[in-house]
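The file model-v4.cif comes next; it holds mmCIF, C-alpha atoms.
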```cif
data_data
#
loop_
_atom_site.group_PDB
_atom_site.id
_atom_site.type_symbol
_atom_site.label_atom_id
_atom_site.label_comp_id
_atom_site.auth_asym_id
_atom_site.auth_seq_id
_atom_site.Cartn_x
_atom_site.Cartn_y
_atom_site.Cartn_z
ATOM 1 C CA MET A 490 98.036 63.515 -25.894
ATOM 2 C CA ALA A 491 98.798 59.814 -26.420
ATOM 3 C CA LYS A 492 102.116 59.042 -28.091
ATOM 4 C CA GLU A 493 101.895 57.260 -31.448
ATOM 5 C CA LYS A 494 103.012 53.662 -31.371
ATOM 6 C CA ILE A 495 104.986 52.327 -34.330
ATOM 7 C CA VAL A 496 105.888 48.725 -35.098
ATOM 8 C CA VAL A 497 108.980 48.367 -37.298
ATOM 9 C CA ALA A 498 109.449 44.989 -38.999
ATOM 10 C CA LEU A 499 113.032 44.314 -40.104
ATOM 11 C CA GLY A 500 113.533 41.921 -43.015
ATOM 12 C CA HIS A 501 116.422 39.625 -43.946
ATOM 13 C CA SER A 502 118.469 42.494 -45.440
ATOM 14 C CA ALA A 503 118.673 44.105 -42.001
ATOM 15 C CA LEU A 504 120.404 41.068 -40.464
ATOM 16 C CA GLY A 505 122.530 39.257 -43.043
ATOM 17 C CA LYS A 506 122.982 35.483 -43.144
ATOM 18 C CA THR A 507 126.117 34.812 -41.080
ATOM 19 C CA PHE A 508 127.558 36.031 -37.763
ATOM 20 C CA PRO A 509 129.946 38.538 -39.451
ATOM 21 C CA GLU A 510 127.252 39.719 -41.863
ATOM 22 C CA GLN A 511 124.870 40.274 -38.960
ATOM 23 C CA GLN A 512 127.442 42.302 -37.031
ATOM 24 C CA ALA A 513 127.724 44.665 -40.013
ATOM 25 C CA ALA A 514 124.046 44.647 -40.995
ATOM 26 C CA VAL A 515 122.658 45.580 -37.578
ATOM 27 C CA LYS A 516 124.639 48.824 -37.704
ATOM 28 C CA SER A 517 122.622 49.882 -40.760
ATOM 29 C CA ALA A 518 119.420 48.772 -39.062
ATOM 30 C CA ALA A 519 120.374 50.737 -35.957
ATOM 31 C CA ALA A 520 121.026 53.852 -38.057
ATOM 32 C CA ALA A 521 117.533 53.552 -39.567
ATOM 33 C CA ILE A 522 115.969 53.171 -36.106
ATOM 34 C CA GLY A 523 118.067 56.107 -34.907
ATOM 35 C CA ASP A 524 116.602 58.269 -37.669
ATOM 36 C CA LEU A 525 113.070 57.349 -36.583
ATOM 37 C CA VAL A 526 113.762 58.111 -32.929
ATOM 38 C CA GLU A 527 115.609 61.356 -33.618
ATOM 39 C CA SER A 528 112.827 62.659 -35.867
ATOM 40 C CA ASN A 529 110.318 62.337 -33.023
ATOM 41 C CA PRO A 530 111.581 61.062 -29.642
ATOM 42 C CA ASP A 531 107.984 60.832 -28.403
ATOM 43 C CA HIS A 532 107.173 57.892 -30.680
ATOM 44 C CA GLN A 533 106.845 54.545 -28.924
ATOM 45 C CA ILE A 534 108.664 51.956 -31.022
ATOM 46 C CA ALA A 535 108.518 48.171 -31.076
ATOM 47 C CA ILE A 536 110.815 46.257 -33.416
ATOM 48 C CA THR A 537 110.274 42.818 -34.907
ATOM 49 C CA HIS A 538 112.742 40.952 -37.079
ATOM 50 C CA SER A 539 113.188 37.947 -39.331
ATOM 51 C CA ASN A 540 115.271 34.927 -38.338
ATOM 52 C CA GLY A 541 115.111 32.679 -41.416
ATOM 53 C CA PRO A 542 118.815 32.022 -42.033
ATOM 54 C CA GLN A 543 119.654 32.200 -38.329
ATOM 55 C CA VAL A 544 117.114 29.666 -37.053
ATOM 56 C CA GLY A 545 118.102 27.282 -39.851
ATOM 57 C CA MET A 546 121.755 27.685 -38.897
ATOM 58 C CA ILE A 547 121.006 26.953 -35.248
ATOM 59 C CA HIS A 548 118.872 23.926 -36.119
ATOM 60 C CA ALA A 549 121.606 22.528 -38.376
ATOM 61 C CA ALA A 550 124.281 23.098 -35.704
ATOM 62 C CA MET A 551 122.213 21.449 -32.977
ATOM 63 C CA THR A 552 121.454 18.502 -35.274
ATOM 64 C CA GLU A 553 125.169 18.011 -35.980
ATOM 65 C CA TYR A 554 125.887 18.210 -32.257
ATOM 66 C CA SER A 555 123.353 15.456 -31.586
ATOM 67 C CA LEU A 556 125.202 13.259 -34.086
ATOM 68 C CA LEU A 557 128.518 13.887 -32.317
ATOM 69 C CA GLU A 558 126.982 13.382 -28.876
ATOM 70 C CA PRO A 559 124.269 10.695 -29.190
ATOM 71 C CA THR A 560 123.094 11.299 -25.614
ATOM 72 C CA ASN A 561 121.904 14.751 -26.694
ATOM 73 C CA THR A 562 118.649 14.842 -28.642
ATOM 74 C CA VAL A 563 118.036 17.153 -31.580
ATOM 75 C CA ALA A 564 116.855 20.586 -30.381
ATOM 76 C CA PRO A 565 113.161 21.210 -31.148
ATOM 77 C CA MET A 566 112.271 24.109 -33.446
ATOM 78 C CA SER A 567 110.757 26.102 -30.587
ATOM 79 C CA LEU A 568 114.091 26.031 -28.760
ATOM 80 C CA CYS A 569 115.984 27.021 -31.921
ATOM 81 C CA SER A 570 113.577 29.934 -32.350
ATOM 82 C CA ALA A 571 114.205 31.068 -28.771
ATOM 83 C CA MET A 572 117.979 30.918 -29.345
ATOM 84 C CA SER A 573 117.673 33.009 -32.497
ATOM 85 C CA GLN A 574 115.558 35.626 -30.705
ATOM 86 C CA GLY A 575 118.195 35.881 -27.997
ATOM 87 C CA TYR A 576 121.291 36.347 -30.090
ATOM 88 C CA ILE A 577 119.701 38.511 -32.798
ATOM 89 C CA GLY A 578 118.146 40.677 -30.098
ATOM 90 C CA TYR A 579 121.507 40.933 -28.356
ATOM 91 C CA ASP A 580 123.196 42.284 -31.496
ATOM 92 C CA LEU A 581 120.292 44.584 -32.374
ATOM 93 C CA GLN A 582 119.784 46.134 -28.945
ATOM 94 C CA ASN A 583 123.486 46.852 -28.512
ATOM 95 C CA ALA A 584 123.767 48.374 -31.987
ATOM 96 C CA ILE A 585 120.688 50.563 -31.426
ATOM 97 C CA ARG A 586 121.897 51.594 -27.959
ATOM 98 C CA THR A 587 125.268 52.651 -29.389
ATOM 99 C CA GLU A 588 123.644 54.517 -32.292
ATOM 100 C CA LEU A 589 121.324 56.473 -30.005
ATOM 101 C CA LEU A 590 124.033 57.345 -27.473
ATOM 102 C CA ASN A 591 126.272 58.565 -30.307
ATOM 103 C CA ARG A 592 123.428 60.933 -31.239
ATOM 104 C CA GLY A 593 123.067 62.130 -27.659
ATOM 105 C CA ILE A 594 119.820 60.227 -27.098
ATOM 106 C CA TYR A 595 119.303 58.089 -24.009
ATOM 107 C CA LYS A 596 116.554 55.554 -24.556
ATOM 108 C CA PRO A 597 116.831 52.014 -23.177
ATOM 109 C CA VAL A 598 116.467 49.080 -25.569
ATOM 110 C CA THR A 599 115.142 45.712 -24.386
ATOM 111 C CA THR A 600 114.739 42.335 -26.093
ATOM 112 C CA LEU A 601 111.846 40.121 -25.042
ATOM 113 C CA ILE A 602 111.810 36.390 -25.682
ATOM 114 C CA THR A 603 108.288 36.212 -27.081
ATOM 115 C CA GLN A 604 105.870 33.283 -27.346
ATOM 116 C CA VAL A 605 102.976 33.277 -29.796
ATOM 117 C CA ARG A 606 100.018 30.935 -29.590
ATOM 118 C CA VAL A 607 99.096 28.969 -32.702
ATOM 119 C CA ASP A 608 96.041 26.821 -33.374
ATOM 120 C CA PRO A 609 96.806 23.072 -33.259
ATOM 121 C CA PHE A 610 94.085 22.614 -35.898
ATOM 122 C CA ASP A 611 95.605 25.174 -38.279
ATOM 123 C CA SER A 612 95.659 23.617 -41.768
ATOM 124 C CA ALA A 613 99.331 24.593 -42.037
ATOM 125 C CA PHE A 614 100.240 21.595 -39.861
ATOM 126 C CA SER A 615 98.966 19.229 -42.558
ATOM 127 C CA GLN A 616 100.433 21.354 -45.367
ATOM 128 C CA PRO A 617 103.972 22.340 -44.264
ATOM 129 C CA SER A 618 105.578 25.035 -46.419
ATOM 130 C CA LYS A 619 108.758 26.323 -44.717
ATOM 131 C CA VAL A 620 112.047 24.613 -45.650
ATOM 132 C CA ILE A 621 114.695 24.651 -42.905
ATOM 133 C CA GLY A 622 118.037 23.203 -41.908
ATOM 134 C CA ARG A 623 120.853 21.419 -43.686
ATOM 135 C CA TYR A 624 120.701 19.072 -46.660
ATOM 136 C CA MET A 625 120.291 15.404 -45.766
ATOM 137 C CA THR A 626 120.950 12.099 -47.489
ATOM 138 C CA GLU A 627 118.046 9.887 -48.473
ATOM 139 C CA ALA A 628 118.709 7.626 -45.460
ATOM 140 C CA GLU A 629 118.686 10.609 -43.094
ATOM 141 C CA ALA A 630 115.488 11.882 -44.710
ATOM 142 C CA LYS A 631 113.770 8.526 -44.172
ATOM 143 C CA ALA A 632 114.862 8.587 -40.535
ATOM 144 C CA GLU A 633 113.264 12.021 -40.165
ATOM 145 C CA GLU A 634 110.027 10.751 -41.692
ATOM 146 C CA LYS A 635 109.982 7.857 -39.231
ATOM 147 C CA LYS A 636 109.997 10.464 -36.460
ATOM 148 C CA GLY A 637 106.881 12.014 -37.979
ATOM 149 C CA ASN A 638 108.704 14.932 -39.606
ATOM 150 C CA HIS A 639 108.133 16.104 -43.190
ATOM 151 C CA VAL A 640 110.953 16.293 -45.743
ATOM 152 C CA VAL A 641 111.220 17.604 -49.282
ATOM 153 C CA GLU A 642 113.741 16.777 -52.000
ATOM 154 C CA GLU A 643 115.556 19.551 -53.834
ATOM 155 C CA ASP A 644 116.872 18.510 -57.243
ATOM 156 C CA GLY A 645 120.548 17.645 -57.161
ATOM 157 C CA LYS A 646 121.041 18.881 -53.607
ATOM 158 C CA GLY A 647 119.423 16.364 -51.295
ATOM 159 C CA TYR A 648 116.615 16.465 -48.770
ATOM 160 C CA ARG A 649 115.603 19.089 -46.217
ATOM 161 C CA ARG A 650 113.004 19.318 -43.501
ATOM 162 C CA ILE A 651 109.835 21.232 -44.234
ATOM 163 C CA ILE A 652 107.662 22.485 -41.395
ATOM 164 C CA ALA A 653 104.359 24.228 -40.820
ATOM 165 C CA ALA A 654 103.828 27.999 -40.873
ATOM 166 C CA PRO A 655 100.608 28.511 -38.843
ATOM 167 C CA ARG A 656 99.018 31.906 -38.317
ATOM 168 C CA PRO A 657 99.674 33.830 -35.081
ATOM 169 C CA MET A 658 96.737 33.848 -32.674
ATOM 170 C CA GLU A 659 97.929 35.517 -29.450
ATOM 171 C CA ILE A 660 101.137 37.149 -28.185
ATOM 172 C CA TYR A 661 101.669 36.040 -24.594
ATOM 173 C CA GLU A 662 104.175 38.735 -23.619
ATOM 174 C CA LEU A 663 102.008 41.565 -24.964
ATOM 175 C CA ASP A 664 101.512 43.177 -21.537
ATOM 176 C CA ALA A 665 105.271 43.235 -21.003
ATOM 177 C CA VAL A 666 105.767 44.910 -24.391
ATOM 178 C CA LYS A 667 103.187 47.575 -23.465
ATOM 179 C CA ALA A 668 104.743 48.180 -20.045
ATOM 180 C CA LEU A 669 108.230 48.636 -21.482
ATOM 181 C CA MET A 670 106.994 50.967 -24.227
ATOM 182 C CA ASP A 671 105.093 53.028 -21.661
ATOM 183 C CA ALA A 672 108.387 53.253 -19.740
ATOM 184 C CA ASP A 673 109.893 54.924 -22.836
ATOM 185 C CA GLN A 674 111.905 51.886 -23.911
ATOM 186 C CA ILE A 675 112.408 50.583 -27.427
ATOM 187 C CA VAL A 676 111.274 46.962 -27.407
ATOM 188 C CA ILE A 677 112.550 44.165 -29.654
ATOM 189 C CA ALA A 678 109.870 41.455 -29.629
ATOM 190 C CA CYS A 679 108.283 38.661 -31.668
ATOM 191 C CA GLY A 680 111.593 37.856 -33.354
ATOM 192 C CA GLY A 681 111.168 35.458 -36.259
ATOM 193 C CA GLY A 682 107.414 35.625 -35.815
ATOM 194 C CA GLY A 683 107.658 34.572 -32.184
ATOM 195 C CA ILE A 684 108.172 31.139 -30.663
ATOM 196 C CA PRO A 685 105.150 29.077 -31.794
ATOM 197 C CA VAL A 686 103.465 27.457 -28.811
ATOM 198 C CA LEU A 687 100.358 25.385 -28.138
ATOM 199 C CA GLN A 688 98.373 26.109 -24.994
ATOM 200 C CA GLN A 689 97.770 22.960 -22.928
ATOM 201 C CA GLY A 690 96.022 23.973 -19.738
ATOM 202 C CA THR A 691 98.463 26.185 -17.846
ATOM 203 C CA ARG A 692 101.420 24.921 -19.904
ATOM 204 C CA LEU A 693 102.761 26.342 -23.152
ATOM 205 C CA LYS A 694 104.253 23.619 -25.345
ATOM 206 C CA GLY A 695 106.566 24.505 -28.218
ATOM 207 C CA ALA A 696 105.219 23.627 -31.673
ATOM 208 C CA SER A 697 107.278 22.214 -34.528
ATOM 209 C CA ALA A 698 106.646 25.214 -36.733
ATOM 210 C CA VAL A 699 107.710 28.715 -37.652
ATOM 211 C CA ILE A 700 105.394 31.719 -37.862
ATOM 212 C CA GLU A 701 105.550 34.241 -40.692
ATOM 213 C CA LYS A 702 107.103 37.214 -38.925
ATOM 214 C CA ASP A 703 105.264 39.853 -40.963
ATOM 215 C CA LEU A 704 101.896 38.437 -39.902
ATOM 216 C CA THR A 705 102.991 38.466 -36.259
ATOM 217 C CA SER A 706 104.184 42.046 -36.750
ATOM 218 C CA ALA A 707 100.689 42.983 -37.923
ATOM 219 C CA ARG A 708 99.179 41.142 -34.932
ATOM 220 C CA LEU A 709 101.490 43.016 -32.563
ATOM 221 C CA ALA A 710 100.752 46.384 -34.173
ATOM 222 C CA GLU A 711 97.002 45.803 -33.909
ATOM 223 C CA ASP A 712 97.190 44.600 -30.290
ATOM 224 C CA LEU A 713 99.285 47.642 -29.336
ATOM 225 C CA ASP A 714 96.803 49.953 -31.084
ATOM 226 C CA ALA A 715 99.697 51.284 -33.148
ATOM 227 C CA GLY A 716 99.107 53.913 -35.800
ATOM 228 C CA LEU A 717 101.793 52.676 -38.188
ATOM 229 C CA LEU A 718 103.215 49.330 -39.279
ATOM 230 C CA LEU A 719 106.512 49.974 -41.067
ATOM 231 C CA LEU A 720 107.633 46.917 -43.037
ATOM 232 C CA LEU A 721 111.253 47.309 -44.115
ATOM 233 C CA THR A 722 112.558 45.209 -46.979
ATOM 234 C CA GLY A 723 115.056 45.339 -49.856
ATOM 235 C CA VAL A 724 113.062 47.608 -52.194
ATOM 236 C CA GLU A 725 111.731 51.130 -51.810
ATOM 237 C CA LYS A 726 108.237 50.386 -53.108
ATOM 238 C CA VAL A 727 105.940 47.501 -53.921
ATOM 239 C CA ALA A 728 105.755 46.847 -57.651
ATOM 240 C CA LEU A 729 103.361 45.166 -60.045
ATOM 241 C CA ASN A 730 104.873 42.863 -62.685
ATOM 242 C CA PHE A 731 108.096 42.881 -60.672
ATOM 243 C CA GLY A 732 111.252 42.114 -62.668
ATOM 244 C CA THR A 733 109.595 42.550 -66.067
ATOM 245 C CA PRO A 734 109.631 45.405 -68.611
ATOM 246 C CA GLN A 735 106.075 46.178 -67.443
ATOM 247 C CA GLU A 736 107.139 46.760 -63.816
ATOM 248 C CA VAL A 737 105.218 49.592 -62.132
ATOM 249 C CA SER A 738 106.014 50.914 -58.645
ATOM 250 C CA LEU A 739 103.085 51.744 -56.388
ATOM 251 C CA ASP A 740 102.894 54.837 -54.163
ATOM 252 C CA THR A 741 99.602 53.881 -52.514
ATOM 253 C CA LEU A 742 97.303 50.887 -52.227
ATOM 254 C CA THR A 743 93.895 50.457 -50.706
ATOM 255 C CA VAL A 744 93.082 47.227 -48.915
ATOM 256 C CA GLU A 745 90.692 46.368 -51.739
ATOM 257 C CA GLU A 746 93.331 46.930 -54.421
ATOM 258 C CA ALA A 747 96.002 45.001 -52.537
ATOM 259 C CA THR A 748 93.626 42.081 -51.975
ATOM 260 C CA ARG A 749 92.847 41.981 -55.693
ATOM 261 C CA TYR A 750 96.544 41.949 -56.614
ATOM 262 C CA ILE A 751 97.173 39.144 -54.116
ATOM 263 C CA LYS A 752 94.463 37.053 -55.779
ATOM 264 C CA GLU A 753 95.998 37.800 -59.186
ATOM 265 C CA GLY A 754 99.324 36.348 -57.977
ATOM 266 C CA GLN A 755 101.252 39.608 -58.314
ATOM 267 C CA PHE A 756 103.442 38.967 -55.263
ATOM 268 C CA THR A 757 105.972 36.196 -54.633
ATOM 269 C CA SER A 758 105.137 33.914 -51.705
ATOM 270 C CA GLY A 759 108.664 33.891 -50.290
ATOM 271 C CA ALA A 760 109.259 37.619 -50.618
ATOM 272 C CA MET A 761 106.665 40.377 -51.008
ATOM 273 C CA LEU A 762 103.445 38.395 -50.485
ATOM 274 C CA PRO A 763 103.655 38.046 -46.663
ATOM 275 C CA LYS A 764 104.477 41.744 -46.349
ATOM 276 C CA VAL A 765 101.474 42.803 -48.411
ATOM 277 C CA GLU A 766 99.234 40.361 -46.507
ATOM 278 C CA ALA A 767 100.466 41.771 -43.197
ATOM 279 C CA ALA A 768 100.014 45.347 -44.431
ATOM 280 C CA VAL A 769 96.442 44.551 -45.494
ATOM 281 C CA SER A 770 95.661 42.810 -42.200
ATOM 282 C CA PHE A 771 96.769 45.818 -40.152
ATOM 283 C CA ALA A 772 95.377 48.579 -42.384
ATOM 284 C CA SER A 773 91.981 46.891 -42.624
ATOM 285 C CA SER A 774 91.635 46.791 -38.817
ATOM 286 C CA SER A 775 90.950 50.552 -38.588
ATOM 287 C CA PRO A 776 90.687 53.561 -40.932
ATOM 288 C CA ALA A 777 93.121 55.371 -38.616
ATOM 289 C CA ARG A 778 95.896 52.839 -39.258
ATOM 290 C CA ARG A 779 98.327 52.693 -42.145
ATOM 291 C CA SER A 780 100.979 50.271 -43.290
ATOM 292 C CA VAL A 781 104.081 51.315 -45.214
ATOM 293 C CA ILE A 782 106.352 48.978 -47.147
ATOM 294 C CA THR A 783 109.749 50.442 -48.015
ATOM 295 C CA SER A 784 113.475 49.779 -47.773
ATOM 296 C CA LEU A 785 115.663 49.964 -44.703
ATOM 297 C CA HIS A 786 117.494 52.956 -46.188
ATOM 298 C CA THR A 787 114.294 54.945 -46.758
ATOM 299 C CA ALA A 788 112.685 54.101 -43.406
ATOM 300 C CA LEU A 789 112.429 57.695 -42.178
ATOM 301 C CA ASN A 790 110.881 59.016 -45.388
ATOM 302 C CA GLY A 791 108.577 56.014 -45.350
ATOM 303 C CA MET A 792 107.416 56.867 -41.843
ATOM 304 C CA LEU A 793 106.875 60.476 -42.945
ATOM 305 C CA GLY A 794 104.825 59.367 -45.960
ATOM 306 C CA LYS A 795 107.366 60.693 -48.462
ATOM 307 C CA THR A 796 108.189 57.345 -50.085
ATOM 308 C CA GLY A 797 107.373 53.657 -49.922
ATOM 309 C CA THR A 798 104.026 52.071 -50.663
ATOM 310 C CA ILE A 799 101.324 53.259 -48.271
ATOM 311 C CA ILE A 800 98.459 50.830 -47.629
ATOM 312 C CA THR A 801 95.248 52.171 -46.090
ATOM 313 C CA ALA A 802 91.713 50.921 -45.541
ATOM 314 C CA GLY A 803 90.384 53.002 -48.415
#
```
The structure given in the file should be rewritten as structure tokens.
Amino acid sequence: MAKEKIVVALGHSALGKTFPEQQAAVKSAAAAIGDLVESNPDHQIAITHSNGPQVGMIHAAMTEYSLLEPTNTVAPMSLCSAMSQGYIGYDLQNAIRTELLNRGIYKPVTTLITQVRVDPFDSAFSQPSKVIGRYMTEAEAKAEEKKGNHVVEEDGKGYRRIIAAPRPMEIYELDAVKALMDADQIVIACGGGGIPVLQQGTRLKGASAVIEKDLTSARLAEDLDAGLLLLLTGVEKVALNFGTPQEVSLDTLTVEEATRYIKEGQFTSGAMLPKVEAAVSFASSSPARRSVITSLHTALNGMLGKTGTIITAG
């Protein structure tokens, strides 16, 4: 009998925002993954993760370095994304390895630097939406615009770069992910949504963009023919009228219901919306597939269908 494949998407709360925070946070993430593995060692697990604060930190650091050393150019976003995949994966795979060994489980953990193709004609490139990097002065912002980059002003704080968030089209290292999972390894892939690249003949060229990691997680889960997409965030369940006296937590959602709530504007674009969109994308691809949105601390019960918000085709 084929082993069920599960894609686990870790949100910001699983990683923290600084180096020390990440060192502590990945231990909690590793404990949650350990629970999933221990409950059924036959599951094949792929892990994705966010990189929002981390890639911004790297970009800011590399920009400052270019100012100190004028012979060094500013690092492109694709390179910053690759750096974030490497060091987040390093912390995660070591924490998970330690957690599993402490439970008497031997299962290798591997991080893959993952590239994801985006469409150069995606409308996101003309409508950038993701703010990154440090605050700049007006003069610095104008210099960025002269380079062809987009900037946005934040009241009283200064200017920051704003870049495109195109949709994921193809995961280039998919075969490697499958091979490692078939070899009974836990695979960390598509970190931060993957490194956005444009295909130019036989060459892959990094794009000045970031990809919404939850949408790439759904793409990965579908391409792997996974049975479950487990989206871990800071709350146990999706809620309607979140943060108001009329707040209602949801145990289940059909694709049709979730789509209606998205159109009604029930979910915040920077928080729950991409998770619900990813859950809908995956669940709608097959009646046999389900998405679950829950917290890191209720991951096991979410996988078992005991909590969280379960999204199915109907």
Shell of 10 Å around segment 625-641 of chain A, all atoms listed in the file, local chain residues under 5 positions omitted, as a PyMOL selection string:
chain A and resi 615-618+620+646-653+697
List the residues selected by the PyMOL selection byres ((chain A and resi 655) around 9) in the file shown, writing them as a ChimeraX atom specification.
/A:607-609,611-614,617,653-654,656-657,685,698-701
Spatial neighbours of Pro776 of chain A, max dist 12 Å, all atoms listed in the file, sep filter under 2 positions, as an NGL selection string
:A and (716-717 or 743-744 or 769-774 or 778-780 or 800-803)
Excluding His548 of chain A and residues on its chain fewer than 5 positions from it, collect all residues at most 9 Å away from it, counting only C-alpha atoms, and give them as a PyMOL selection string.
chain A and resi 543+553+563-566+569-570+621-623
Which residues come within 9 Å of Ile782 of chain A, counting only C-alpha atoms, excluding same-chain residues fewer than 6 positions away, as a PDB file with C-alpha atoms, in the coordinates of the input?
```pdb
ATOM      1  CA  LEU A 718     103.215  49.330 -39.279  1.00  0.00           C
ATOM      2  CA  LEU A 719     106.512  49.974 -41.067  1.00  0.00           C
ATOM      3  CA  LEU A 720     107.633  46.917 -43.037  1.00  0.00           C
ATOM      4  CA  LEU A 721     111.253  47.309 -44.115  1.00  0.00           C
ATOM      5  CA  THR A 722     112.558  45.209 -46.979  1.00  0.00           C
ATOM      6  CA  VAL A 724     113.062  47.608 -52.194  1.00  0.00           C
ATOM      7  CA  GLU A 725     111.731  51.130 -51.810  1.00  0.00           C
ATOM      8  CA  LYS A 726     108.237  50.386 -53.108  1.00  0.00           C
ATOM      9  CA  VAL A 727     105.940  47.501 -53.921  1.00  0.00           C
ATOM     10  CA  LYS A 764     104.477  41.744 -46.349  1.00  0.00           C
ATOM     11  CA  VAL A 765     101.474  42.803 -48.411  1.00  0.00           C
ATOM     12  CA  ALA A 768     100.014  45.347 -44.431  1.00  0.00           C
ATOM     13  CA  ALA A 788     112.685  54.101 -43.406  1.00  0.00           C
ATOM     14  CA  GLY A 791     108.577  56.014 -45.350  1.00  0.00           C
ATOM     15  CA  GLY A 797     107.373  53.657 -49.922  1.00  0.00           C
ATOM     16  CA  THR A 798     104.026  52.071 -50.663  1.00  0.00           C
ATOM     17  CA  ILE A 799     101.324  53.259 -48.271  1.00  0.00           C
ATOM     18  CA  ILE A 800      98.459  50.830 -47.629  1.00  0.00           C
TER      19      ILE A 800
END
```
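Taking atom CA of Gln512 of chain A and atom CA of Asp580 of chain A as the two end points, the separation is 7.0 Å.
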Centre, edges in Å (one decimal): axis-aligned box, segment 699-715 of chain A, 3 Å padding on all six sides, as lines of an AutoDock Vina configuration file:
```
center_x = 102.3
center_y = 40.0
center_z = -35.1
size_x = 16.9
size_y = 28.6
size_z = 17.6
```
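Among the candidates A:Glu753, A:Glu558, A:Glu643, A:Asp712, the residue lying nearest to Met658 of chain A is A:Asp712 (atoms considered: all atoms listed in the file).
The two atoms in question, atom CA of His538 of chain A and atom CA of Ala498 of chain A, are spaced 5.6 Å apart.
Residue nearest Lys494 of chain A, chosen from A:Ala518, A:Leu793, A:Ile684, A:Ala715 and counting only C-alpha atoms: A:Ala715.
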Determine the residue membership of the PyMOL selection byres ((chain A and resi 673) around 9) for the file above and supply it as a ChimeraX atom specification.
/A:531-534,596-597,668-672,674-675
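Distance-wise, atom CA of Lys694 of chain A and atom CA of Ile536 of chain A end up 24.9 Å apart.
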Given the PyMOL selection byres ((chain A and resi 679) around 8) and the file above, list the residues it selects as a VMD selection string.
chain A and resid 537 to 538 574 601 to 605 677 to 678 680 to 684 702 705 to 706
Please provide as JSON, numbers by chain all residues within 12 Å of Phe508 of chain A, with the sequence filter that same-chain residues fewer than 5 positions apart are discarded (counting all atoms listed in the file).
{"A": [513, 514, 515, 542, 543, 546, 547, 573, 576, 577, 580]}
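You can rank A:Val676, A:Gly593, A:Asp714, A:Met551 by their closest distance to Ala777 of chain A using all atoms listed in the file, and at the top of that list sits A:Asp714.
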